[in-house]
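**Q** Below are the structure tokens for one structure; questions will follow.
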Amino acid sequence: MSVVSKYDDDIEKVVLSEAQIAERVAELAKEISRDYAGKDLMLIGILKGCVVFLSDLIRQISIPLEFDFVAVSSYGADTKSSGVVRILKDLEESVESKHVLVVEDIVDTGLTLRLSYLLENLRSRRAASVKICTLLDRPERRRVDVPVDYRGFMVEDEFVVGYGLDYQGKYRGLPYIGLLKPEIYGGG
């Protein structure tokens, strides 16, 4: 851990280090830059978890792009999805005729609900294409098929925080991704 945080004692172990994340984000940016060269690219970040990942990603992408944000909730204050999808903040820019890349912090069963909804919503707005880029993917929990086009890392079914991921609004600023101790969220 490069920076000592007041939250470090709540972390059972570091799952992905700051260096591992930086290296993979650079690789993803290179792939995206290659695949979208000459296209009108718009990244759409799903708030709040994507902010750290999106910020690092856009600084590494070598082609012109736009970005915007949506806030879609299916969690509330729990660690599992409630199954109810709510749009808390809509896009400010039009996606019509643009190649949209939805940027998410983690895709698993709970987020699949909001991602499916968001993908259909963007397609109905006549985007030229809609794809998904996620930092973390947990396909073992998937109940609905969501095609992940750009994947940072596959992770186990563990409660991870850091690098934008939170528990009750905390831990987002950790520069690494760590396994939260079960006693912190009532899982132990």
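Quick note on naming: the chains in the structure tokens go A, B, ... in the order shown, residues restart at 1 in each chain, and ligands are numbered from 1 in order of appearance.
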Kindly provide the residues of stretch 128-148 of chain A that approach stretch 115-121 of chain A to within 9 Å, each paired with its closest atom pair and their distance in Å to one decimal, based on only C-alpha atoms, listed by chain and increasing number, as CSV.

**A**
residue,atom,partner,partner_atom,distance
A:Val130,CA,A:Leu119,CA,6.9
A:Lys131,CA,A:Leu119,CA,8.2
A:Ile132,CA,A:Leu119,CA,8.8
A:Val144,CA,A:Ser116,CA,8.2
A:Asp145,CA,A:Ser116,CA,8.7
A:Val146,CA,A:Ser116,CA,6.9

**Q** List as a PyMOL selection string the protein and nucleic acid residues near A:Val160, meaning an atom at most 10 Å away when only C-alpha atoms are counted, but skip any in the same chain fewer than 2 places from it.

**A** chain A and resi 11-16+106+136+155-158+162-163+165-167+171+177-181

**Q** Store the residues picked out above in a file with N, CA, C and O atoms, as a CSV table (one decimal), in the first residue's frame.

**A**
chain,number,residue,atom,x,y,z
A,11,ILE,N,-9.2,-3.4,6.0
A,11,ILE,CA,-9.0,-4.2,4.8
A,11,ILE,C,-8.3,-5.5,5.2
A,11,ILE,O,-7.2,-5.5,5.9
A,12,GLU,N,-8.9,-6.6,4.8
A,12,GLU,CA,-8.4,-8.0,5.2
A,12,GLU,C,-7.1,-8.2,4.3
A,12,GLU,O,-6.1,-8.7,4.8
A,13,LYS,N,-7.2,-7.9,3.0
A,13,LYS,CA,-6.0,-8.1,2.2
A,13,LYS,C,-6.2,-7.3,0.9
A,13,LYS,O,-7.3,-6.9,0.5
A,14,VAL,N,-5.1,-6.9,0.3
A,14,VAL,CA,-5.1,-6.2,-1.0
A,14,VAL,C,-5.3,-7.2,-2.1
A,14,VAL,O,-4.6,-8.2,-2.2
A,15,VAL,N,-6.4,-7.0,-2.9
A,15,VAL,CA,-6.7,-7.9,-4.0
A,15,VAL,C,-6.0,-7.5,-5.3
A,15,VAL,O,-5.4,-8.3,-6.0
A,16,LEU,N,-6.0,-6.2,-5.5
A,16,LEU,CA,-5.3,-5.6,-6.7
A,16,LEU,C,-4.5,-4.4,-6.2
A,16,LEU,O,-5.1,-3.4,-5.7
A,106,ILE,N,-17.8,-2.2,-11.5
A,106,ILE,CA,-17.9,-3.6,-11.3
A,106,ILE,C,-19.2,-4.1,-11.9
A,106,ILE,O,-20.2,-3.5,-11.8
A,136,LEU,N,-13.9,-4.3,-12.9
A,136,LEU,CA,-14.0,-5.6,-12.3
A,136,LEU,C,-15.2,-6.3,-12.9
A,136,LEU,O,-16.2,-5.8,-13.1
A,155,VAL,N,-12.8,-11.0,-10.8
A,155,VAL,CA,-12.7,-11.1,-9.3
A,155,VAL,C,-13.6,-12.2,-8.8
A,155,VAL,O,-14.6,-12.5,-9.3
A,156,GLU,N,-13.2,-12.7,-7.6
A,156,GLU,CA,-14.0,-13.7,-6.9
A,156,GLU,C,-15.2,-13.0,-6.3
A,156,GLU,O,-15.3,-11.8,-6.2
A,157,ASP,N,-16.1,-13.8,-5.8
A,157,ASP,CA,-17.3,-13.3,-5.1
A,157,ASP,C,-17.0,-12.9,-3.7
A,157,ASP,O,-17.3,-13.6,-2.7
A,158,GLU,N,-16.3,-11.8,-3.5
A,158,GLU,CA,-15.9,-11.3,-2.3
A,158,GLU,C,-16.3,-9.8,-2.2
A,158,GLU,O,-16.4,-9.2,-3.3
A,162,GLY,N,-12.4,0.2,-2.6
A,162,GLY,CA,-11.2,0.9,-3.0
A,162,GLY,C,-11.3,1.2,-4.5
A,162,GLY,O,-12.1,0.7,-5.2
A,163,TYR,N,-10.5,2.2,-4.9
A,163,TYR,CA,-10.4,2.6,-6.3
A,163,TYR,C,-11.8,2.9,-6.9
A,163,TYR,O,-12.2,2.5,-7.9
A,165,LEU,N,-14.8,1.9,-5.5
A,165,LEU,CA,-15.8,1.0,-4.9
A,165,LEU,C,-15.9,1.4,-3.5
A,165,LEU,O,-14.9,1.6,-2.8
A,166,ASP,N,-17.2,1.3,-3.0
A,166,ASP,CA,-17.4,1.8,-1.6
A,166,ASP,C,-18.2,0.8,-0.8
A,166,ASP,O,-18.8,-0.2,-1.4
A,167,TYR,N,-18.3,1.0,0.5
A,167,TYR,CA,-19.3,0.4,1.3
A,167,TYR,C,-19.8,1.6,2.2
A,167,TYR,O,-19.1,2.2,2.9
A,171,TYR,N,-14.3,4.3,1.7
A,171,TYR,CA,-13.3,3.5,1.0
A,171,TYR,C,-13.0,3.8,-0.4
A,171,TYR,O,-12.1,3.3,-1.0
A,177,ILE,N,-7.5,-2.0,-4.6
A,177,ILE,CA,-8.7,-2.7,-4.3
A,177,ILE,C,-8.5,-3.8,-3.3
A,177,ILE,O,-7.6,-4.6,-3.4
A,178,GLY,N,-9.2,-3.7,-2.2
A,178,GLY,CA,-9.0,-4.6,-1.1
A,178,GLY,C,-10.3,-5.3,-0.7
A,178,GLY,O,-11.4,-4.9,-0.9
A,179,LEU,N,-10.1,-6.4,0.0
A,179,LEU,CA,-11.1,-7.2,0.6
A,179,LEU,C,-11.5,-6.6,1.9
A,179,LEU,O,-10.7,-6.5,2.8
A,180,LEU,N,-12.8,-6.2,2.0
A,180,LEU,CA,-13.2,-5.6,3.3
A,180,LEU,C,-13.4,-6.7,4.3
A,180,LEU,O,-14.0,-7.8,4.0
A,181,LYS,N,-13.0,-6.5,5.5
A,181,LYS,CA,-13.2,-7.4,6.6
A,181,LYS,C,-14.7,-7.7,6.8
A,181,LYS,O,-15.4,-6.7,6.9

**Q** Please return as a ChimeraX atom specification: the residues of stretch 2-184 of chain A that backbone DSSP assigns to strand (DSSP E or B).

**A** /A:11-16,41-47,66-73,86-89,99-107,129-137,150-154,160-162,165,167,170,177-180

**Q** Please provide the set of residues having any atom within 12 Å of A:Lys30, restricted to only C-alpha atoms, with same-chain residues fewer than 5 positions apart removed, written as a PDB file with N, CA and C atoms, in the first residue's frame.

**A**
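File produced: result08.pdb:
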ATOM      1  N   GLU A  23      -1.374  -0.487 -14.578  1.00  0.00           N
ATOM      2  CA  GLU A  23      -0.912  -1.210 -15.763  1.00  0.00           C
ATOM      3  C   GLU A  23      -2.098  -1.678 -16.619  1.00  0.00           C
ATOM      4  N   ARG A  24      -3.121  -2.214 -15.967  1.00  0.00           N
ATOM      5  CA  ARG A  24      -4.274  -2.729 -16.730  1.00  0.00           C
ATOM      6  C   ARG A  24      -5.087  -1.591 -17.342  1.00  0.00           C
ATOM      7  N   VAL A  25      -5.231  -0.471 -16.645  1.00  0.00           N
ATOM      8  CA  VAL A  25      -5.951   0.677 -17.197  1.00  0.00           C
ATOM      9  C   VAL A  25      -5.247   1.174 -18.454  1.00  0.00           C
ATOM     10  N   ASP A  35      -9.587   0.462 -31.113  1.00  0.00           N
ATOM     11  CA  ASP A  35     -10.896   0.017 -31.595  1.00  0.00           C
ATOM     12  C   ASP A  35     -11.806   1.170 -32.022  1.00  0.00           C
ATOM     13  N   TYR A  36     -11.637   2.341 -31.426  1.00  0.00           N
ATOM     14  CA  TYR A  36     -12.517   3.473 -31.723  1.00  0.00           C
ATOM     15  C   TYR A  36     -11.834   4.560 -32.554  1.00  0.00           C
ATOM     16  N   ALA A  37     -10.673   4.288 -33.083  1.00  0.00           N
ATOM     17  CA  ALA A  37      -9.973   5.276 -33.914  1.00  0.00           C
ATOM     18  C   ALA A  37     -10.865   5.707 -35.073  1.00  0.00           C
ATOM     19  N   LEU A  57      -8.747   6.300 -16.961  1.00  0.00           N
ATOM     20  CA  LEU A  57      -8.924   5.765 -18.309  1.00  0.00           C
ATOM     21  C   LEU A  57      -8.894   6.867 -19.372  1.00  0.00           C
ATOM     22  N   ILE A  58      -9.629   7.952 -19.156  1.00  0.00           N
ATOM     23  CA  ILE A  58      -9.685   9.004 -20.181  1.00  0.00           C
ATOM     24  C   ILE A  58      -8.342   9.700 -20.365  1.00  0.00           C
ATOM     25  N   ARG A  59      -7.532   9.738 -19.325  1.00  0.00           N
ATOM     26  CA  ARG A  59      -6.198  10.336 -19.454  1.00  0.00           C
ATOM     27  C   ARG A  59      -5.251   9.455 -20.246  1.00  0.00           C
ATOM     28  N   GLN A  60      -5.587   8.177 -20.370  1.00  0.00           N
ATOM     29  CA  GLN A  60      -4.739   7.232 -21.104  1.00  0.00           C
ATOM     30  C   GLN A  60      -5.208   7.005 -22.544  1.00  0.00           C
ATOM     31  N   ILE A  61      -6.485   7.284 -22.830  1.00  0.00           N
ATOM     32  CA  ILE A  61      -7.008   7.086 -24.184  1.00  0.00           C
ATOM     33  C   ILE A  61      -6.403   8.149 -25.096  1.00  0.00           C
ATOM     34  N   SER A  62      -5.899   7.721 -26.245  1.00  0.00           N
ATOM     35  CA  SER A  62      -5.137   8.620 -27.112  1.00  0.00           C
ATOM     36  C   SER A  62      -5.940   9.225 -28.265  1.00  0.00           C
ATOM     37  N   ILE A  63      -7.250   9.017 -28.297  1.00  0.00           N
ATOM     38  CA  ILE A  63      -8.088   9.570 -29.365  1.00  0.00           C
ATOM     39  C   ILE A  63      -9.080  10.563 -28.764  1.00  0.00           C
ATOM     40  N   TYR A 150     -14.883  -4.767 -22.611  1.00  0.00           N
ATOM     41  CA  TYR A 150     -13.551  -4.440 -22.103  1.00  0.00           C
ATOM     42  C   TYR A 150     -13.564  -4.714 -20.604  1.00  0.00           C
TER      43      TYR A 150
END

**Q** A:Phe69, A:Phe153, A:Tyr7, A:Tyr176: which is nearest A:Leu54, counting only C-alpha atoms?

**A**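 Using only C-alpha atoms, A:Leu54 sits closest to A:Phe69.
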
**Q** Using DSSP on the backbone, list every residue of chain A that comes out as alpha helix (DSSP H), and give them as a PyMOL selection string.

**A** chain A and resi 18-35+51-60+109-124+182-185

**Q** Which residues are close to A:Arg126, i.e. within 10 Å by only C-alpha atoms, leaving aside same-chain residues fewer than 6 positions away? Reply as a CSV table (one decimal) with N, CA, C and O atoms, in the first residue's frame.

**A**
chain,number,residue,atom,x,y,z
A,94,SER,N,-26.4,14.5,-25.8
A,94,SER,CA,-27.1,13.5,-26.6
A,94,SER,C,-26.1,12.4,-27.0
A,94,SER,O,-24.9,12.7,-27.2
A,95,VAL,N,-26.6,11.1,-27.1
A,95,VAL,CA,-25.7,10.0,-27.6
A,95,VAL,C,-26.1,9.7,-29.0
A,95,VAL,O,-25.4,8.8,-29.6
A,96,GLU,N,-27.0,10.3,-29.6
A,96,GLU,CA,-27.4,10.0,-31.0
A,96,GLU,C,-26.2,10.0,-31.9
A,96,GLU,O,-25.4,10.9,-32.0
A,97,SER,N,-26.1,8.9,-32.7
A,97,SER,CA,-25.0,8.6,-33.7
A,97,SER,C,-23.6,8.5,-33.1
A,97,SER,O,-22.7,8.5,-33.8
A,98,LYS,N,-23.5,8.5,-31.8
A,98,LYS,CA,-22.2,8.4,-31.2
A,98,LYS,C,-21.9,6.9,-30.8
A,98,LYS,O,-22.9,6.1,-30.5
A,99,HIS,N,-20.7,6.5,-30.7
A,99,HIS,CA,-20.3,5.2,-30.2
A,99,HIS,C,-20.1,5.3,-28.7
A,99,HIS,O,-19.2,6.0,-28.3

**Q** Go through A:Leu91, A:Leu41, A:Asp137, A:Ser55 one by one, measure the shortest atom-to-atom distance of each to A:Ala22 using only C-alpha atoms, and give the residue with the smallest value.

**A**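 Ranking A:Leu91, A:Leu41, A:Asp137, A:Ser55 by distance to A:Ala22, first place goes to A:Ser55.
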
**Q** In Å to one decimal, how far is atom CA of A:Pro175 from atom CA of A:Lys89?

**A** 26.1 Å

**Q** Have a look at A:Pro139, A:Pro147, A:Asp56, A:Gly187 and name the one nearest to A:Ala26; count only C-alpha atoms.

**A**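 Smallest separation from A:Ala26 among the options: A:Asp56.
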
**Q** Between A:Glu140, A:Asp108, A:Glu18, A:Glu93, which one has atoms that come closest to A:Arg125, using only C-alpha atoms?

**A**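 Of A:Glu140, A:Asp108, A:Glu18, A:Glu93, the one nearest A:Arg125 is A:Glu93, counting only C-alpha atoms.
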
**Q** Could you check which of A:Ser17, A:Ser129, A:Thr134, A:Ser124 is closest to A:Asp105, using only C-alpha atoms?

**A**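 Closest to A:Asp105 of all the choices is A:Thr134.
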
**Q** Neighbours of A:Gly164 within 8 Å (only C-alpha atoms; same-chain residues fewer than 3 positions away dropped), as a PyMOL selection string?

**A** chain A and resi 48-53+105+161+171-174

**Q** Would you mind exporting all heavy atoms of the selected residues as a tab-separated table (two decimals), in the first residue's frame?

**A**
chain	number	residue	atom	x	y	z
A	48	LYS	N	-21.49	6.40	-8.62
A	48	LYS	CA	-20.30	7.16	-8.30
A	48	LYS	C	-19.05	6.30	-8.46
A	48	LYS	O	-17.94	6.82	-8.56
A	48	LYS	CB	-20.34	7.64	-6.85
A	48	LYS	CG	-21.45	8.60	-6.54
A	48	LYS	CD	-21.42	9.02	-5.08
A	48	LYS	CE	-22.62	9.87	-4.75
A	48	LYS	NZ	-22.71	10.15	-3.33
A	49	GLY	N	-19.23	5.00	-8.48
A	49	GLY	CA	-18.11	4.08	-8.44
A	49	GLY	C	-17.11	4.20	-9.57
A	49	GLY	O	-15.94	3.89	-9.40
A	50	CYS	N	-17.54	4.67	-10.73
A	50	CYS	CA	-16.66	4.70	-11.91
A	50	CYS	C	-15.69	5.87	-11.91
A	50	CYS	O	-14.76	5.89	-12.72
A	50	CYS	CB	-17.49	4.76	-13.18
A	50	CYS	SG	-18.07	6.45	-13.54
A	51	VAL	N	-15.87	6.85	-11.07
A	51	VAL	CA	-15.15	8.12	-11.20
A	51	VAL	C	-13.63	7.96	-11.22
A	51	VAL	O	-12.96	8.52	-12.08
A	51	VAL	CB	-15.59	9.11	-10.09
A	51	VAL	CG1	-14.69	10.33	-10.05
A	51	VAL	CG2	-17.03	9.53	-10.30
A	52	VAL	N	-13.09	7.17	-10.33
A	52	VAL	CA	-11.64	7.01	-10.28
A	52	VAL	C	-11.15	6.28	-11.53
A	52	VAL	O	-10.21	6.72	-12.19
A	52	VAL	CB	-11.22	6.26	-8.99
A	52	VAL	CG1	-9.71	6.04	-8.95
A	52	VAL	CG2	-11.67	7.03	-7.75
A	53	PHE	N	-11.81	5.17	-11.87
A	53	PHE	CA	-11.45	4.40	-13.06
A	53	PHE	C	-11.61	5.22	-14.33
A	53	PHE	O	-10.70	5.29	-15.16
A	53	PHE	CB	-12.33	3.13	-13.10
A	53	PHE	CG	-12.17	2.27	-14.32
A	53	PHE	CD1	-10.91	1.99	-14.85
A	53	PHE	CD2	-13.28	1.72	-14.92
A	53	PHE	CE1	-10.78	1.17	-15.97
A	53	PHE	CE2	-13.15	0.90	-16.03
A	53	PHE	CZ	-11.90	0.62	-16.56
A	105	ASP	N	-17.62	0.40	-12.61
A	105	ASP	CA	-16.59	-0.06	-11.69
A	105	ASP	C	-16.59	-1.58	-11.58
A	105	ASP	O	-15.55	-2.21	-11.63
A	105	ASP	CB	-16.70	0.60	-10.31
A	105	ASP	CG	-18.07	0.44	-9.66
A	105	ASP	OD1	-19.00	-0.11	-10.29
A	105	ASP	OD2	-18.24	0.89	-8.51
A	161	VAL	N	-13.51	-3.24	-1.93
A	161	VAL	CA	-13.66	-1.79	-1.89
A	161	VAL	C	-12.36	-1.14	-2.35
A	161	VAL	O	-11.33	-1.80	-2.47
A	161	VAL	CB	-14.02	-1.29	-0.47
A	161	VAL	CG1	-15.39	-1.79	-0.03
A	161	VAL	CG2	-12.95	-1.69	0.54
A	171	TYR	N	-14.34	4.27	1.68
A	171	TYR	CA	-13.30	3.47	1.04
A	171	TYR	C	-13.04	3.79	-0.43
A	171	TYR	O	-12.14	3.26	-1.02
A	171	TYR	CB	-13.57	1.95	1.17
A	171	TYR	CG	-13.87	1.51	2.58
A	171	TYR	CD1	-15.17	1.27	2.99
A	171	TYR	CD2	-12.85	1.38	3.51
A	171	TYR	CE1	-15.46	0.87	4.28
A	171	TYR	CE2	-13.12	0.98	4.82
A	171	TYR	CZ	-14.43	0.74	5.20
A	171	TYR	OH	-14.71	0.36	6.48
A	172	ARG	N	-13.82	4.67	-1.07
A	172	ARG	CA	-13.64	4.97	-2.49
A	172	ARG	C	-12.24	5.49	-2.82
A	172	ARG	O	-11.73	5.26	-3.89
A	172	ARG	CB	-14.66	6.01	-2.97
A	172	ARG	CG	-16.08	5.50	-3.04
A	172	ARG	CD	-16.95	6.55	-3.75
A	172	ARG	NE	-18.36	6.33	-3.54
A	172	ARG	CZ	-19.10	5.46	-4.23
A	172	ARG	NH1	-18.54	4.74	-5.16
A	172	ARG	NH2	-20.38	5.33	-3.99
A	173	GLY	N	-11.63	6.22	-1.91
A	173	GLY	CA	-10.35	6.87	-2.17
A	173	GLY	C	-9.13	5.99	-1.99
A	173	GLY	O	-8.01	6.45	-2.24
A	174	LEU	N	-9.31	4.75	-1.59
A	174	LEU	CA	-8.15	3.86	-1.48
A	174	LEU	C	-7.54	3.68	-2.86
A	174	LEU	O	-8.26	3.46	-3.83
A	174	LEU	CB	-8.55	2.50	-0.90
A	174	LEU	CG	-9.04	2.49	0.55
A	174	LEU	CD1	-9.53	1.11	0.94
A	174	LEU	CD2	-7.93	2.95	1.49

**Q** Contacts of A:Leu65 at 8 Å or less, counting only C-alpha atoms, minus same-chain residues fewer than 4 places along, as a PyMOL selection string?

**A** chain A and resi 40-43

**Q** Interatomic distance between atom CA of A:Leu135 and atom CA of A:Glu66?

**A**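 Value for the atom CA of A:Leu135-atom CA of A:Glu66 distance: 19.3 Å.
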
**Q** Rounded to one decimal in Å, what is the spacing between atom CA of A:Val100 and atom CA of A:Ile44?

**A** 6.9 Å
